[in-house]
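These notes are about the structure you will find just below.
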Amino acid sequence: MANDSLKLHSYWRSSAAFRVRIALNLKGLAYDIVPVHLTEAGGQQHAEAFRKLNPQEMIPVLVDGERIIRQSMAIIEYLDEAYDGERKILPTTARERARVRALAQIVACDIHPLNNLRVMQYLEREFNTPQVERDRWSQHWMREGFAAVESLLADNPSTGVFCEGDEPSLADICLVPQVYNALRWSVDMKEFPLIRRINAECMKLEAFERARPENQPDAPKS
């Protein structure tokens, strides 16, 4: 079931928004992008109008008619529960769902928050941390998190074409944007062969490719 009223407040390079775009595409849902530029004019997410939409001053935010849903993980599970769509994002059994959520949360809770924009801006503003040291900070926490994910993928027979079996799930939705970030920060991915393989499989799917930052309407054209 597609809903033309779905509006996603998004920034092309935001990995949290990237997750939600993948989920919307996997569900086969029609949606409109409402661009929120995170660095232009001091960051449009800090404007009063957006603050009313999300007091955290963060994206993504999904507007579904009169409903406003914040936080990427909550948005994705809402979409999976509220819309039948073309596929389910979370598996059917409790064990499978627990494993998928655990893998997803390594990224969403332990890796991503340590290297997102507001953390980098705070390190620069409050401690005058040079760019090279901010880069090393980000690289360190991505490698730490990826090492754990790689081990969990290697040590479980449920790992298939994707993180859990042969259908993409919430775990893959979180993993792919983080791999994109890692490549931006020049993290050496050679030590994570399973992550690289799964990322490559995901990017063969139109739902992931369409969600790529470069394919967004607010991405720089040059």
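Residues are referred to by chain and number: the chain letter is A, B, ... according to the order shown in the structure tokens, the number counts from 1 in that chain, and ligands are numbered separately from 1 in the order shown.
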Give the alpha helix (DSSP H) residues of chain A, as DSSP finds them on the backbone, and put them as a VMD selection string. chain A and resid 15 to 26 48 to 53 72 to 82 94 to 105 117 to 127 131 to 154 170 to 184 193 to 202 206 to 211
Pick out the residues sitting within 12 Å of Tyr78 (chain A), and hand them over as a ChimeraX atom specification; count only C-alpha atoms, and ignore anything fewer than 3 positions along from it in its own chain. /A:20,23-24,27,62-64,67-75,81-84,88-90
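The space between CA of Thr93 (chain A) and CA of Ile198 (chain A) spans 21.7 Å.
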Mind checking which residues fall within 12 Å of Leu205 (chain A), counting only C-alpha atoms, ignoring those fewer than 3 positions away in the same chain, and posting them as an mmCIF file with N, CA and C atoms, in the first residue's frame?
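The result, stored in result-v8.cif:
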data_model
loop_
_atom_site.group_PDB
_atom_site.id
_atom_site.type_symbol
_atom_site.label_atom_id
_atom_site.label_comp_id
_atom_site.auth_asym_id
_atom_site.auth_seq_id
_atom_site.Cartn_x
_atom_site.Cartn_y
_atom_site.Cartn_z
ATOM 1 N N ILE A 22 16.093 3.757 2.224
ATOM 2 C CA ILE A 22 16.164 2.345 1.832
ATOM 3 C C ILE A 22 14.886 1.625 2.248
ATOM 4 N N ASN A 25 11.932 2.479 0.125
ATOM 5 C CA ASN A 25 12.056 1.848 -1.200
ATOM 6 C C ASN A 25 11.781 0.353 -1.132
ATOM 7 N N LEU A 26 12.303 -0.307 -0.104
ATOM 8 C CA LEU A 26 12.054 -1.743 0.040
ATOM 9 C C LEU A 26 10.565 -2.035 0.224
ATOM 10 N N PHE A 162 22.483 -11.960 2.838
ATOM 11 C CA PHE A 162 22.436 -10.715 3.603
ATOM 12 C C PHE A 162 22.768 -11.022 5.064
ATOM 13 N N GLU A 167 17.201 -12.416 2.528
ATOM 14 C CA GLU A 167 16.400 -11.230 2.255
ATOM 15 C C GLU A 167 16.967 -10.064 3.053
ATOM 16 N N PRO A 168 17.008 -8.862 2.481
ATOM 17 C CA PRO A 168 17.524 -7.715 3.235
ATOM 18 C C PRO A 168 16.616 -7.377 4.407
ATOM 19 N N ASP A 172 20.807 -4.883 7.358
ATOM 20 C CA ASP A 172 21.435 -4.420 6.113
ATOM 21 C C ASP A 172 21.143 -2.939 5.870
ATOM 22 N N ILE A 173 19.932 -2.522 6.213
ATOM 23 C CA ILE A 173 19.531 -1.115 6.051
ATOM 24 C C ILE A 173 20.447 -0.205 6.854
ATOM 25 N N VAL A 176 24.631 -0.627 5.332
ATOM 26 C CA VAL A 176 25.056 -0.017 4.068
ATOM 27 C C VAL A 176 25.415 1.468 4.214
ATOM 28 N N ILE A 198 28.301 -8.360 1.715
ATOM 29 C CA ILE A 198 26.889 -8.041 1.942
ATOM 30 C C ILE A 198 26.556 -6.654 1.412
ATOM 31 N N ASN A 199 27.447 -5.715 1.610
ATOM 32 C CA ASN A 199 27.224 -4.372 1.065
ATOM 33 C C ASN A 199 27.084 -4.420 -0.453
ATOM 34 N N ALA A 200 27.940 -5.194 -1.095
ATOM 35 C CA ALA A 200 27.883 -5.310 -2.555
ATOM 36 C C ALA A 200 26.573 -5.949 -3.002
ATOM 37 N N GLU A 201 26.092 -6.959 -2.274
ATOM 38 C CA GLU A 201 24.813 -7.592 -2.608
ATOM 39 C C GLU A 201 23.665 -6.608 -2.458
ATOM 40 N N CYS A 202 23.697 -5.830 -1.395
ATOM 41 C CA CYS A 202 22.648 -4.827 -1.178
ATOM 42 C C CYS A 202 22.609 -3.814 -2.313
ATOM 43 N N PHE A 208 18.235 -0.006 -2.639
ATOM 44 C CA PHE A 208 19.444 0.555 -2.034
ATOM 45 C C PHE A 208 20.079 1.585 -2.955
ATOM 46 N N GLU A 209 20.163 1.266 -4.239
ATOM 47 C CA GLU A 209 20.784 2.185 -5.205
ATOM 48 C C GLU A 209 20.029 3.506 -5.270
ATOM 49 N N ARG A 210 18.696 3.451 -5.309
ATOM 50 C CA ARG A 210 17.902 4.686 -5.377
ATOM 51 C C ARG A 210 18.079 5.542 -4.136
ATOM 52 N N ALA A 211 18.403 4.907 -3.000
ATOM 53 C CA ALA A 211 18.555 5.635 -1.741
ATOM 54 C C ALA A 211 19.925 6.260 -1.573
ATOM 55 N N ARG A 212 20.865 5.938 -2.456
ATOM 56 C CA ARG A 212 22.229 6.461 -2.343
ATOM 57 C C ARG A 212 22.227 7.987 -2.247
#
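What separates CA of Arg99 (chain A) from CA of Ala171 (chain A) is a distance of 8.6 Å.
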Enumerate, in order of chain and increasing residue number, the residues of region 159-183 of chain A with an atom no farther than 12 Å from region 136-150 of chain A, each with its shortest atom pair and distance in Å to one decimal, counting only C-alpha atoms, as a Markdown table.
| residue | atom | partner | partner_atom | distance |
| --- | --- | --- | --- | --- |
| A:Thr159 | CA | A:Glu150 | CA | 10.6 |
| A:Cys163 | CA | A:Val149 | CA | 9.5 |
| A:Ala171 | CA | A:Val149 | CA | 10.1 |
| A:Asp172 | CA | A:Val149 | CA | 11.2 |
| A:Cys174 | CA | A:Val149 | CA | 11.5 |
| A:Leu175 | CA | A:Phe146 | CA | 9.2 |
| A:Val176 | CA | A:Phe146 | CA | 11.6 |
| A:Pro177 | CA | A:Met142 | CA | 11.9 |
| A:Gln178 | CA | A:Met142 | CA | 8.1 |
| A:Val179 | CA | A:Met142 | CA | 8.9 |
| A:Tyr180 | CA | A:Met142 | CA | 11.2 |
| A:Asn181 | CA | A:Met142 | CA | 8.9 |
| A:Ala182 | CA | A:Met142 | CA | 6.8 |
| A:Leu183 | CA | A:Gln139 | CA | 9.8 |
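The space separating CA of Val61 (chain A) from CA of Val119 (chain A) comes to 19.7 Å.
Closest approach to Arg97 (chain A) among A:His46, A:Glu77, A:Thr129, A:Gln56 is made by A:Glu77 (distances from only C-alpha atoms).
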Please give the complete set of residues from region 23-203 of chain A that DSSP, run on the backbone, assigns to strand (DSSP E), formatted as a ChimeraX atom specification. /A:32-35,61-64,67-70
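Using only C-alpha atoms, the nearest neighbour of Ile33 (chain A) within the list A:Phe192, A:Tyr122, A:Trp185, A:Phe18 is A:Phe18.
The shortest atom-to-atom distance to Asp32 (chain A), with only C-alpha atoms taken into account, belongs to A:Leu8 out of A:Val187, A:Ile195, A:Met120, A:Leu8.
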Got a sec: who's within 10 Å of Val34 (chain A), counting only C-alpha atoms, leaving out chain neighbours fewer than 4 positions off, as number ranges by chain? A: 7-11, 60-62, 217-218
Any chance you could export the current selection's C-alpha atoms as a short mmCIF file (atom, residue, chain, number, x, y, z; two decimals), in the first residue's frame?
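The resulting file, selection16.cif, is reproduced below:
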data_model
loop_
_atom_site.label_atom_id
_atom_site.label_comp_id
_atom_site.auth_asym_id
_atom_site.auth_seq_id
_atom_site.Cartn_x
_atom_site.Cartn_y
_atom_site.Cartn_z
CA LYS A 7 7.02 13.15 3.46
CA LEU A 8 10.57 12.49 4.56
CA HIS A 9 12.60 15.37 5.95
CA SER A 10 16.03 14.32 4.80
CA TYR A 11 19.57 15.45 3.99
CA PRO A 60 15.17 12.20 9.57
CA VAL A 61 11.57 13.02 10.35
CA LEU A 62 8.71 11.20 8.63
CA PRO A 217 17.22 15.60 -5.22
CA ASP A 218 19.21 17.79 -2.81
#
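Each of A:Val100, A:Ile76, A:Val36, A:Leu152 was compared to Gly165 (chain A) using only C-alpha atoms, and A:Val100 turns out to be the nearest.
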So that I can check the surroundings of Pro220 (chain A), please list as a ChimeraX atom specification every protein, DNA and RNA residue that reaches within 12 Å of it, counting only C-alpha atoms and ignoring chain neighbours fewer than 3 positions away. /A:11-13,37,213-217
